[in-house]
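As provided, coords.txt (compact mmCIF, C-alpha atoms and all ligand atoms) reads as follows.
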```txt
# COMPACT_ATOMS: atom_id res chain seq x y z
CA MET A 23 32.35 -4.72 5.70
CA GLU A 24 31.05 -1.16 6.00
CA HIS A 25 28.58 -2.02 8.74
CA VAL A 26 27.91 -5.11 10.84
CA ILE A 27 24.67 -5.68 12.73
CA ARG A 28 25.65 -7.89 15.66
CA ASN A 29 23.54 -10.42 17.57
CA ALA A 30 20.57 -10.38 15.26
CA ARG A 31 17.63 -12.68 15.66
CA LEU A 32 16.42 -13.53 12.16
CA ARG A 33 13.16 -14.88 10.80
CA GLY A 34 13.26 -18.61 10.07
CA ARG A 35 16.63 -19.21 11.73
CA ASP A 36 17.58 -20.25 15.26
CA GLY A 37 20.26 -18.54 17.28
CA LEU A 38 21.98 -15.19 16.87
CA TRP A 39 23.57 -13.95 13.64
CA GLN A 40 25.86 -11.25 12.35
CA VAL A 41 24.59 -9.34 9.31
CA GLY A 42 27.24 -7.62 7.23
CA LEU A 43 26.26 -4.68 5.04
CA ASP A 44 28.49 -3.51 2.23
CA GLY A 45 28.06 -1.54 -0.97
CA GLY A 46 24.37 -1.05 -0.22
CA ASN A 47 23.75 -4.79 -0.01
CA VAL A 48 23.57 -7.54 2.58
CA ALA A 49 27.05 -8.88 1.93
CA ALA A 50 27.02 -11.70 4.50
CA ILE A 51 24.87 -13.40 7.10
CA ALA A 52 27.05 -15.58 9.32
CA ALA A 53 27.46 -16.87 12.87
CA GLU A 54 30.75 -14.95 13.08
CA LEU A 55 31.98 -11.91 11.19
CA PRO A 56 35.22 -9.99 11.76
CA ALA A 57 35.12 -6.44 13.06
CA GLY A 58 34.60 -4.01 10.22
CA GLY A 59 33.62 -0.38 9.96
CA ASP A 60 30.57 0.72 11.90
CA GLU A 61 28.64 -1.64 14.12
CA THR A 62 25.13 -1.85 15.54
CA ASP A 63 24.44 -4.28 18.35
CA ALA A 64 20.92 -5.67 17.96
CA GLY A 65 21.29 -7.31 21.37
CA GLY A 66 19.32 -10.40 20.40
CA ARG A 67 16.38 -8.42 19.01
CA LEU A 68 14.56 -9.10 15.74
CA VAL A 69 16.26 -8.02 12.51
CA THR A 70 14.22 -8.24 9.31
CA GLU A 71 13.67 -6.61 5.96
CA SER A 72 12.32 -3.09 6.49
CA PHE A 73 8.64 -2.17 6.06
CA VAL A 74 6.95 -1.26 2.81
CA ASP A 75 3.70 0.68 2.51
CA CYS A 76 2.42 0.21 -1.03
CA HIS A 77 -0.80 2.23 -0.75
CA ILE A 78 -0.97 5.61 0.96
CA HIS A 79 -2.46 9.00 -0.02
CA LEU A 80 0.23 11.44 1.02
CA ASP A 81 -1.40 14.34 -0.86
CA LYS A 82 -4.37 14.16 1.55
CA CYS A 83 -2.60 13.21 4.79
CA HIS A 84 -2.88 15.47 7.85
CA THR A 85 -5.78 17.44 6.40
CA GLY A 86 -8.25 16.37 9.09
CA SER A 87 -7.94 19.67 10.97
CA GLN A 88 -8.99 21.66 7.86
CA LEU A 89 -12.32 19.87 7.56
CA ALA A 90 -15.88 20.66 8.56
CA PRO A 91 -17.49 17.87 10.61
CA ALA A 92 -18.62 14.84 8.64
CA GLY A 93 -22.24 13.76 8.19
CA THR A 94 -22.68 10.29 6.73
CA GLU A 95 -19.01 9.33 7.03
CA MET A 96 -19.41 7.28 3.85
CA LEU A 97 -17.04 7.23 0.93
CA GLN A 98 -19.02 9.51 -1.39
CA GLU A 99 -19.07 12.19 1.29
CA ALA A 100 -15.33 11.83 1.86
CA VAL A 101 -14.73 12.34 -1.86
CA GLU A 102 -16.85 15.50 -1.86
CA ARG A 103 -15.34 16.92 1.35
CA THR A 104 -11.97 16.76 -0.37
CA TRP A 105 -13.01 18.94 -3.33
CA GLU A 106 -12.70 22.33 -1.63
CA MET A 107 -9.38 21.36 -0.15
CA LYS A 108 -8.13 20.13 -3.50
CA ARG A 109 -8.96 23.45 -5.18
CA ASN A 110 -6.68 25.17 -2.67
CA TYR A 111 -3.80 22.70 -2.81
CA ARG A 112 -0.37 24.30 -3.05
CA ILE A 113 2.81 22.33 -3.62
CA PRO A 114 4.71 23.57 -0.50
CA GLU A 115 1.90 22.69 1.91
CA ILE A 116 1.44 19.21 0.37
CA LEU A 117 5.20 18.70 0.66
CA GLU A 118 5.14 19.72 4.32
CA ARG A 119 2.27 17.37 5.22
CA ALA A 120 3.58 14.44 3.15
CA GLY A 121 7.10 14.92 4.47
CA ARG A 122 5.83 14.69 8.02
CA ALA A 123 4.22 11.31 7.23
CA ILE A 124 7.37 10.03 5.52
CA ASP A 125 9.55 11.10 8.48
CA ASP A 126 7.19 9.43 10.95
CA GLY A 127 7.06 6.27 8.82
CA LEU A 128 10.83 6.14 8.64
CA ARG A 129 11.04 6.10 12.43
CA TYR A 130 8.71 3.07 12.30
CA GLY A 131 11.01 1.37 9.80
CA THR A 132 9.22 2.09 6.52
CA THR A 133 11.81 2.64 3.80
CA ALA A 134 9.55 2.27 0.75
CA VAL A 135 6.22 3.88 -0.05
CA ARG A 136 3.88 3.86 -3.03
CA THR A 137 1.92 7.06 -2.70
CA PHE A 138 -1.19 7.86 -4.65
CA GLY A 139 -1.59 11.41 -5.95
CA ASP A 140 -4.98 12.58 -7.19
CA VAL A 141 -5.26 13.44 -10.87
CA ASP A 142 -8.53 15.09 -11.84
CA THR A 143 -10.05 18.30 -13.18
CA ILE A 144 -10.38 19.79 -9.67
CA GLY A 145 -6.82 19.71 -8.39
CA GLY A 146 -5.21 19.11 -11.77
CA LEU A 147 -1.66 17.85 -11.52
CA THR A 148 -0.71 19.73 -8.35
CA PRO A 149 -0.75 16.63 -6.08
CA VAL A 150 1.37 14.59 -8.49
CA LYS A 151 3.83 17.45 -8.99
CA ALA A 152 4.18 17.80 -5.20
CA LEU A 153 4.72 14.07 -4.73
CA LEU A 154 7.31 13.95 -7.50
CA GLU A 155 9.18 16.67 -5.59
CA LEU A 156 8.79 14.60 -2.44
CA ARG A 157 10.30 11.58 -4.25
CA GLU A 158 13.28 13.70 -5.21
CA LYS A 159 13.67 15.23 -1.76
CA TYR A 160 13.74 11.82 -0.07
CA SER A 161 15.69 9.95 -2.75
CA GLY A 162 18.54 9.37 -0.28
CA THR A 163 16.39 7.82 2.44
CA VAL A 164 13.10 6.36 1.18
CA ASP A 165 12.05 4.64 -2.05
CA ILE A 166 8.98 6.59 -3.12
CA GLN A 167 6.83 5.57 -6.08
CA VAL A 168 4.20 8.02 -7.28
CA CYS A 169 0.95 6.56 -8.58
CA ALA A 170 -1.10 8.94 -10.75
CA PHE A 171 -4.56 8.27 -9.37
CA PRO A 172 -7.89 9.32 -10.98
CA GLN A 173 -9.77 9.73 -7.69
CA GLU A 174 -12.87 11.19 -9.39
CA ALA A 175 -12.84 8.39 -12.02
CA ILE A 176 -12.04 8.98 -15.70
CA VAL A 177 -15.14 8.72 -17.88
CA ARG A 178 -17.26 10.74 -15.44
CA ASP A 179 -14.58 13.43 -15.16
CA PRO A 180 -13.83 14.43 -18.77
CA GLY A 181 -10.29 15.74 -19.16
CA THR A 182 -8.80 13.28 -16.67
CA GLU A 183 -7.56 10.89 -19.34
CA ASP A 184 -5.28 13.60 -20.79
CA LEU A 185 -4.16 14.66 -17.31
CA LEU A 186 -3.23 11.06 -16.48
CA ALA A 187 -1.06 10.82 -19.57
CA GLU A 188 0.47 14.18 -18.65
CA ALA A 189 1.24 12.91 -15.12
CA MET A 190 3.07 9.93 -16.61
CA LYS A 191 5.00 12.27 -18.88
CA LEU A 192 6.06 14.27 -15.80
CA GLY A 193 7.56 11.08 -14.37
CA ALA A 194 4.92 9.29 -12.31
CA ASP A 195 5.89 5.65 -11.68
CA VAL A 196 2.52 3.90 -11.70
CA VAL A 197 -0.82 4.31 -13.49
CA GLY A 198 -3.65 4.37 -10.94
CA GLY A 199 -7.30 3.51 -11.44
CA MET A 200 -10.66 3.86 -9.71
CA PRO A 201 -12.92 1.89 -12.10
CA TRP A 202 -15.70 0.94 -9.67
CA PHE A 203 -16.44 4.66 -9.13
CA GLU A 204 -17.70 5.13 -12.70
CA LEU A 205 -21.46 5.44 -13.25
CA SER A 206 -22.01 2.24 -15.25
CA ASP A 207 -20.38 -1.14 -15.78
CA GLU A 208 -19.62 -0.16 -19.35
CA ASP A 209 -17.81 2.99 -18.18
CA SER A 210 -15.92 0.96 -15.57
CA ARG A 211 -14.58 -1.33 -18.26
CA ARG A 212 -13.70 1.66 -20.43
CA HIS A 213 -11.84 3.11 -17.41
CA VAL A 214 -9.73 -0.06 -17.10
CA ASP A 215 -9.06 -0.04 -20.86
CA ILE A 216 -7.89 3.59 -20.74
CA CYS A 217 -5.51 2.85 -17.85
CA PHE A 218 -4.00 -0.06 -19.77
CA GLU A 219 -3.58 2.10 -22.89
CA ILE A 220 -1.66 4.68 -20.86
CA ALA A 221 0.37 2.10 -18.89
CA LYS A 222 1.45 0.35 -22.07
CA ARG A 223 2.33 3.63 -23.76
CA PHE A 224 4.67 4.55 -20.89
CA ASP A 225 5.65 0.96 -20.02
CA LYS A 226 4.57 1.35 -16.38
CA PRO A 227 2.81 -0.86 -13.82
CA ILE A 228 -0.82 -0.42 -12.78
CA HIS A 229 -2.37 -0.08 -9.33
CA MET A 230 -6.13 0.31 -9.12
CA LEU A 231 -8.70 0.59 -6.37
CA CYS A 232 -11.38 -1.97 -7.25
CA ASP A 233 -14.80 -2.65 -5.77
CA ASP A 234 -14.30 -0.58 -2.61
CA THR A 235 -17.95 -1.14 -1.75
CA ASP A 236 -20.24 -3.70 -0.17
CA ASP A 237 -22.27 -3.83 -3.41
CA PRO A 238 -22.14 -7.43 -4.70
CA MET A 239 -22.79 -6.13 -8.23
CA SER A 240 -19.47 -4.27 -8.32
CA ARG A 241 -17.28 -6.41 -10.56
CA THR A 242 -14.28 -4.36 -11.62
CA LEU A 243 -11.63 -6.68 -10.11
CA GLU A 244 -12.92 -9.43 -12.36
CA TYR A 245 -12.52 -7.27 -15.46
CA LEU A 246 -9.11 -5.96 -14.32
CA ALA A 247 -7.86 -9.55 -13.94
CA LEU A 248 -9.25 -10.55 -17.33
CA LYS A 249 -7.66 -7.51 -18.98
CA THR A 250 -4.34 -8.26 -17.25
CA LEU A 251 -4.44 -11.79 -18.62
CA ARG A 252 -5.25 -10.64 -22.14
CA GLU A 253 -2.60 -7.91 -22.15
CA GLY A 254 0.09 -10.20 -20.70
CA TYR A 255 0.62 -7.78 -17.81
CA ALA A 256 1.10 -10.46 -15.10
CA GLY A 257 3.09 -9.31 -12.08
CA ARG A 258 2.65 -5.63 -12.94
CA VAL A 259 -0.91 -5.09 -11.70
CA ALA A 260 -2.14 -4.59 -8.15
CA SER A 261 -5.67 -4.02 -6.92
CA SER A 262 -6.51 -2.47 -3.56
CA HIS A 263 -9.60 -2.93 -1.36
CA ASN A 264 -11.78 -5.37 -3.37
CA GLY A 265 -14.31 -5.41 -0.53
CA ALA A 266 -17.18 -6.49 -2.78
CA LEU A 267 -15.46 -9.84 -3.24
CA SER A 268 -16.63 -10.66 0.28
CA SER A 269 -20.23 -9.87 -0.72
CA TYR A 270 -20.26 -12.14 -3.80
CA ASP A 271 -21.71 -15.61 -3.49
CA HIS A 272 -18.98 -18.17 -2.90
CA TYR A 273 -19.05 -19.65 -6.40
CA HIS A 274 -18.58 -16.31 -8.12
CA ALA A 275 -15.93 -15.22 -5.60
CA ALA A 276 -13.96 -18.41 -6.21
CA ARG A 277 -14.02 -17.73 -9.96
CA VAL A 278 -12.72 -14.16 -9.51
CA ILE A 279 -10.00 -15.32 -7.09
CA GLU A 280 -8.86 -17.98 -9.56
CA LEU A 281 -8.81 -15.35 -12.31
CA CYS A 282 -6.57 -13.11 -10.14
CA ARG A 283 -4.20 -16.00 -9.54
CA GLU A 284 -4.05 -16.90 -13.21
CA ALA A 285 -3.59 -13.27 -14.27
CA GLY A 286 -0.90 -12.56 -11.65
CA VAL A 287 -2.86 -9.68 -10.11
CA ALA A 288 -1.68 -8.80 -6.58
CA ILE A 289 -4.21 -7.77 -3.95
CA VAL A 290 -3.72 -5.03 -1.36
CA SER A 291 -6.01 -4.87 1.66
CA ASN A 292 -6.19 -1.80 3.89
CA PRO A 293 -8.04 -3.08 6.93
CA GLN A 294 -8.11 0.09 9.02
CA ILE A 295 -9.95 2.37 6.60
CA SER A 296 -12.23 -0.46 5.42
CA LEU A 297 -13.33 -1.17 8.98
CA VAL A 298 -14.25 2.50 9.42
CA ILE A 299 -15.81 3.39 6.08
CA ASP A 300 -17.47 0.23 4.76
CA GLY A 301 -20.62 -1.54 5.91
CA ARG A 302 -22.20 1.82 6.82
CA LEU A 303 -25.58 0.91 5.34
CA ASP A 304 -25.68 -2.50 7.03
CA GLN A 305 -27.90 -3.32 9.93
CA PRO A 306 -26.10 -5.62 12.39
CA PRO A 307 -24.27 -7.83 11.73
CA VAL A 308 -22.18 -5.19 9.92
CA ARG A 309 -19.75 -6.36 7.25
CA ARG A 310 -16.08 -5.56 7.77
CA GLY A 311 -15.29 -4.27 4.27
CA ILE A 312 -12.30 -6.61 4.10
CA THR A 313 -11.69 -8.70 1.03
CA ARG A 314 -11.36 -12.51 1.18
CA VAL A 315 -7.77 -12.43 2.43
CA ARG A 316 -7.52 -16.03 3.57
CA GLU A 317 -9.03 -17.48 0.40
CA LEU A 318 -6.84 -15.28 -1.81
CA VAL A 319 -3.72 -16.41 0.05
CA GLU A 320 -4.75 -20.05 -0.09
CA ALA A 321 -5.32 -19.73 -3.85
CA GLY A 322 -1.75 -18.48 -4.28
CA VAL A 323 -2.51 -14.79 -4.90
CA LEU A 324 0.11 -12.29 -3.68
CA VAL A 325 -1.53 -10.28 -0.88
CA ALA A 326 -0.16 -7.17 0.83
CA SER A 327 -1.52 -4.87 3.49
CA ALA A 328 -1.17 -1.10 3.54
CA GLN A 329 -1.96 2.00 5.61
CA ASP A 330 -3.95 4.01 3.01
CA ASP A 331 -4.72 7.17 5.00
CA ILE A 332 -3.47 9.41 7.78
CA ASP A 333 -5.99 11.83 9.27
CA ASP A 334 -7.91 12.83 6.14
CA PRO A 335 -11.57 12.96 4.99
CA TYR A 336 -11.59 9.18 4.55
CA TYR A 337 -9.99 8.08 7.80
CA PRO A 338 -9.54 10.20 10.93
CA PHE A 339 -6.81 8.09 12.54
CA GLY A 340 -3.68 6.65 10.97
CA LYS A 341 -0.23 6.06 12.35
CA PRO A 342 2.30 5.37 9.61
CA ASP A 343 3.38 2.15 11.30
CA GLN A 344 3.19 -1.03 9.24
CA LEU A 345 3.23 -3.10 12.45
CA GLU A 346 -0.07 -1.47 13.42
CA VAL A 347 -1.37 -2.29 9.94
CA ALA A 348 -0.20 -5.89 10.44
CA SER A 349 -2.04 -6.10 13.75
CA PHE A 350 -5.29 -4.89 12.15
CA MET A 351 -4.83 -7.38 9.32
CA ALA A 352 -4.26 -10.23 11.77
CA HIS A 353 -7.43 -9.27 13.64
CA THR A 354 -9.74 -8.70 10.69
CA ALA A 355 -8.60 -11.67 8.59
CA GLN A 356 -8.35 -13.83 11.72
CA LEU A 357 -4.74 -14.79 11.05
CA THR A 358 -3.43 -15.80 14.46
CA LYS A 359 -1.37 -19.00 14.21
CA PRO A 360 2.45 -18.70 14.19
CA TYR A 361 2.79 -19.37 10.43
CA GLU A 362 -0.10 -16.98 9.75
CA LEU A 363 1.65 -14.23 11.70
CA GLU A 364 4.72 -14.76 9.53
CA LEU A 365 2.40 -14.32 6.54
CA VAL A 366 0.95 -11.13 8.03
CA TYR A 367 4.51 -9.84 8.54
CA ASP A 368 5.24 -10.65 4.89
CA MET A 369 2.18 -8.59 3.94
CA VAL A 370 3.87 -5.41 5.24
CA THR A 371 7.41 -6.24 4.10
CA VAL A 372 8.17 -8.87 1.45
CA ASN A 373 4.87 -8.87 -0.45
CA PRO A 374 4.53 -5.11 -0.99
CA GLY A 375 8.26 -5.17 -1.85
CA LYS A 376 7.40 -7.58 -4.64
CA ILE A 377 4.46 -5.44 -5.78
CA MET A 378 6.76 -2.41 -5.97
CA GLN A 379 9.41 -4.61 -7.65
CA LEU A 380 12.04 -3.60 -5.10
CA ASP A 381 15.29 -5.41 -4.40
CA GLY A 382 15.96 -6.40 -0.77
CA PHE A 383 12.69 -8.15 0.06
CA PRO A 384 13.10 -10.66 1.66
CA LEU A 385 16.27 -9.99 3.65
CA GLU A 386 18.92 -12.30 2.21
CA GLU A 387 22.57 -12.41 1.25
CA GLY A 388 23.21 -10.47 -1.92
CA GLY A 389 19.99 -8.45 -1.69
CA ARG A 390 19.76 -4.72 -1.06
CA ALA A 391 20.25 -3.85 2.60
CA ASN A 392 16.82 -2.55 3.58
CA VAL A 393 16.75 -3.63 7.20
CA VAL A 394 14.95 -2.84 10.43
CA VAL A 395 15.89 -3.78 13.99
CA VAL A 396 12.66 -4.28 15.96
CA ASP A 397 12.72 -4.30 19.77
CA ALA A 398 11.03 -7.70 19.88
CA GLU A 399 11.96 -11.34 20.30
CA ASP A 400 10.12 -12.53 17.21
CA VAL A 401 7.39 -11.67 14.70
CA HIS A 402 4.65 -12.61 17.15
CA GLU A 403 5.92 -10.14 19.74
CA ALA A 404 6.53 -7.49 17.08
CA ILE A 405 2.88 -7.63 15.94
CA ARG A 406 1.55 -7.97 19.49
CA LEU A 407 3.46 -5.02 20.98
CA GLN A 408 4.43 -2.88 17.97
CA PRO A 409 7.56 -1.90 19.91
CA ALA A 410 10.27 0.64 19.05
CA ARG A 411 12.33 0.32 15.91
CA LEU A 412 15.91 0.43 17.20
CA ALA A 413 17.63 1.04 13.86
CA VAL A 414 16.56 1.37 10.23
CA PHE A 415 18.79 0.87 7.20
CA ARG A 416 18.01 1.67 3.59
CA GLY A 417 20.49 0.59 0.95
CA GLY A 418 23.01 -0.18 3.72
CA ARG A 419 22.86 3.31 5.20
CA LYS A 420 21.38 3.93 8.63
CA VAL A 421 18.43 6.29 8.11
CA ALA A 422 16.78 6.14 11.55
CA GLY A 423 17.48 4.92 15.08
CA SER A 424 20.71 4.71 16.98
ZN ZN W 1 -6.63 4.48 -0.92
```
How does the structure come out when it is put into structure tokens?
Amino acid sequence: MEHVIRNARLRGRDGLWQVGLDGGNVAAIAAELPAGGDETDAGGRLVTESFVDCHIHLDKCHTGSQLAPAGTEMLQEAVERTWEMKRNYRIPEILERAGRAIDDGLRYGTTAVRTFGDVDTIGGLTPVKALLELREKYSGTVDIQVCAFPQEAIVRDPGTEDLLAEAMKLGADVVGGMPWFELSDEDSRRHVDICFEIAKRFDKPIHMLCDDTDDPMSRTLEYLALKTLREGYAGRVASSHNGALSSYDHYHAARVIELCREAGVAIVSNPQISLVIDGRLDQPPVRRGITRVRELVEAGVLVASAQDDIDDPYYPFGKPDQLEVASFMAHTAQLTKPYELELVYDMVTVNPGKIMQLDGFPLEEGGRANVVVVDAEDVHEAIRLQPARLAVFRGGRKVAGS
């Protein structure tokens, strides 16, 4: 055994365990294991699969200090405040900012990230090129997937369709989408169709931002699910935000949720940014901007939770800690019972791991050794206290902690 983690408390098992890592994988989980190469004593603390953040905008992170003060603090304004910045993007400065977020996330146990990079006629392909370099730079420590993301939409930003295809040619891993941001329902559907054309051409998965609005007429998740079903793309499509689903009447919402389940569309909710940016036109009581997490889960839809933003025009806060994300999710979706907290923990580990089609999620014998030692007794305490991460392993190699 190359490395043994001693005295580990594991999810779903009583007592203390020894976790043997070898050849990049979890080679054994046993009550006793002989002394091997290196050892880490977990000292009875929680050992789980590491954290996965499947939706974050690393091209924009840490830009808050460059910005003029906000006015409305609504999404449209955030989009426009980014334009000037985007025109001045340079690859080295994006790399520096994004690298800082990756390093911080690694200390909090995040070993896999799906980062969105804007693709549009303002910043061109600079963000994607920078993030592809980032992927290369961190290939030994973090699994980075780059999603080519048409932030300014596609139909309303002529030229973006070609740029998206170009981004995929450069090596982007995922085709992004922003269909609800088009100017008509017809254009929104065209947007989804274009993304599928490109994804199929390059044989890549799709991750869109759908219905990130309180407007009950926004119905792009419904069309995305239908398209996924028709194209046989089950298990390769994720949709983030979907806030409008909470504004639909219950009958229509139930139909869309069932369609997502049938189509195999995964849902990603980013509670922190939604709490800040959505519901801005509401008079009290103000909506939370959070999709119908509980109903989606109960229907059997795969649901994950992600950070989304770190100090940028959309969200002024942001700590790249998936345990903080889990805490926000537990609060906003009112998931508080012990089995619900396990589910919330899955939303920042196992479920985004499945969305990114990564090996090692969940932590089990034979799987890739992506492991975090959390200074907590159990998942409840981990979410409650968000304590230190004592050690972090990626592919069996210690990448953070002592
Ligand atoms: Zn986002």
Counting all atoms listed in the file, closest pick from A:Arg411, A:Arg119, A:Arg252, A:His77 relative to ligand ZN 1 (chain W) is A:His77
Can you pull out every residue within 7 Å of stretch 258-270 of chain A, counting all atoms listed in the file, but drop anything in the same chain fewer than 6 positions away, and send it as a ChimeraX atom specification? /A:227-238,240,243,287-292,311-314
Nearest to A:Tyr130 among A:Asp343, A:Asp60, A:Asp184, A:Glu95, with distances taken over all atoms listed in the file: which residue is it?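 Checking each candidate against A:Tyr130, we get A:Asp343 as the closest.
Atom CA of A:Ala134 lies 18.9 Å from atom CA of A:Pro149.
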Around ligand ZN 1 (chain W), out to 12 Å and counting only C-alpha atoms and all ligand atoms, which residues are there? I want them as JSON, numbers by chain. {"A": [75, 76, 77, 78, 79, 80, 81, 82, 83, 97, 100, 101, 136, 137, 138, 139, 140, 169, 171, 172, 173, 198, 199, 200, 229, 230, 231, 232, 233, 234, 261, 262, 263, 264, 290, 291, 292, 293, 294, 295, 296, 299, 327, 328, 329, 330, 331, 332, 334, 335, 336, 337]}
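Nearest residue to A:Val393, choosing from A:Val278, A:Ala422, A:Ala348, A:Val197 and counting only C-alpha atoms: A:Ala422.
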What is the atom CA of A:Ile51 to atom CA of A:Gly257 distance in Å?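 For atom CA of A:Ile51 relative to atom CA of A:Gly257, the distance reads 29.3 Å.
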Counting all atoms listed in the file, the residue of A:Val196, A:Ala410, A:Ile216, A:Ala152 that sits nearest A:Val177: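 Of all the options, A:Ile216 lies closest to A:Val177.
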Record the distance separating atom CA of A:Gly322 and atom CA of A:Glu280, expressed in Å with one decimal. 8.9 Å
Find the residue from A:Val141, A:Val214, A:Val69, A:Met107 that sits nearest to A:Arg35; use only C-alpha atoms when measuring.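 Of all the options, A:Val69 lies closest to A:Arg35.
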Using all atoms listed in the file: which of A:Val315, A:Leu192, A:Leu363, A:Ile279 has the shortest distance to A:Asp400: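 Looking only at the distances to A:Asp400, the closest residue turns out to be A:Leu363.
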Quick one: everything within 8 Å of A:Asp333, counting only C-alpha atoms, minus sequence neighbours fewer than 5 positions away in the same chain. Send it as a tab-separated table (two decimals) with C-alpha atoms, in the frame of the given file.
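Listing of part-v9.tsv after writing:
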```
chain	number	residue	atom	x	y	z
A	83	CYS	CA	-2.60	13.21	4.79
A	84	HIS	CA	-2.88	15.47	7.85
A	85	THR	CA	-5.78	17.44	6.40
A	86	GLY	CA	-8.25	16.37	9.09
A	338	PRO	CA	-9.54	10.20	10.93
A	339	PHE	CA	-6.81	8.09	12.54
A	340	GLY	CA	-3.68	6.65	10.97
```
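Near A:Asn392, within a cut-off of 6 Å and counting all atoms listed in the file, sit the residues Glu71, Ser72, Gly382, Arg390, Phe415, Arg416 and Gly417 of chain A, with same-chain residues fewer than 2 positions away left out.
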Using the file's own x, y and z axes, what box holds all listed atoms of stretch 99-116 of chain A with 6 Å on each side, keeping edges along x, y and z, and what are its centre and edge lengths in Å to one decimal, as JSON?
```
{"center_x": -7.2, "center_y": 18.5, "center_z": -1.6, "size_x": 35.8, "size_y": 25.3, "size_z": 19.1}
```
Place a sphere of radius 10 Å on (20.9, -10.0, -0.5) in the file coordinates and name every protein, DNA or RNA residue with an atom inside or on its surface, counting all atoms listed in the file; give the answer as a list in words.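 Checking each residue against the 10 Å limit leaves Leu43, Gly46, Asn47, Val48, Ala49, Ala50, Ile51, Asp381, Gly382, Phe383, Pro384, Leu385, Glu386, Glu387, Gly388, Gly389, Arg390, Ala391 and Asn392 of chain A.
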Keeping only C-alpha atoms, write the selected residues as a short mmCIF file (atom, residue, chain, number, x, y, z; two decimals), in the coordinates of the input.
```
data_model
loop_
_atom_site.label_atom_id
_atom_site.label_comp_id
_atom_site.auth_asym_id
_atom_site.auth_seq_id
_atom_site.Cartn_x
_atom_site.Cartn_y
_atom_site.Cartn_z
CA LEU A 43 26.26 -4.68 5.04
CA GLY A 46 24.37 -1.05 -0.22
CA ASN A 47 23.75 -4.79 -0.01
CA VAL A 48 23.57 -7.54 2.58
CA ALA A 49 27.05 -8.88 1.93
CA ALA A 50 27.02 -11.70 4.50
CA ILE A 51 24.87 -13.40 7.10
CA ASP A 381 15.29 -5.41 -4.40
CA GLY A 382 15.96 -6.40 -0.77
CA PHE A 383 12.69 -8.15 0.06
CA PRO A 384 13.10 -10.66 1.66
CA LEU A 385 16.27 -9.99 3.65
CA GLU A 386 18.92 -12.30 2.21
CA GLU A 387 22.57 -12.41 1.25
CA GLY A 388 23.21 -10.47 -1.92
CA GLY A 389 19.99 -8.45 -1.69
CA ARG A 390 19.76 -4.72 -1.06
CA ALA A 391 20.25 -3.85 2.60
CA ASN A 392 16.82 -2.55 3.58
#
```
Can you pull out every residue within 6 Å of stretch 349-362 of chain A, counting only C-alpha atoms, but drop anything in the same chain fewer than 2 positions away, and send it as a PyMOL selection string? chain A and resi 293+346-347+364-365+405
C-alpha atoms of the current selection, written as a PDB file, keeping the file's coordinate frame:
```
ATOM      1  CA  PRO A 293      -8.040  -3.080   6.930  1.00  0.00           C
ATOM      2  CA  GLU A 346      -0.070  -1.470  13.420  1.00  0.00           C
ATOM      3  CA  VAL A 347      -1.370  -2.290   9.940  1.00  0.00           C
ATOM      4  CA  GLU A 364       4.720 -14.760   9.530  1.00  0.00           C
ATOM      5  CA  LEU A 365       2.400 -14.320   6.540  1.00  0.00           C
ATOM      6  CA  ILE A 405       2.880  -7.630  15.940  1.00  0.00           C
TER       7      ILE A 405
END
```
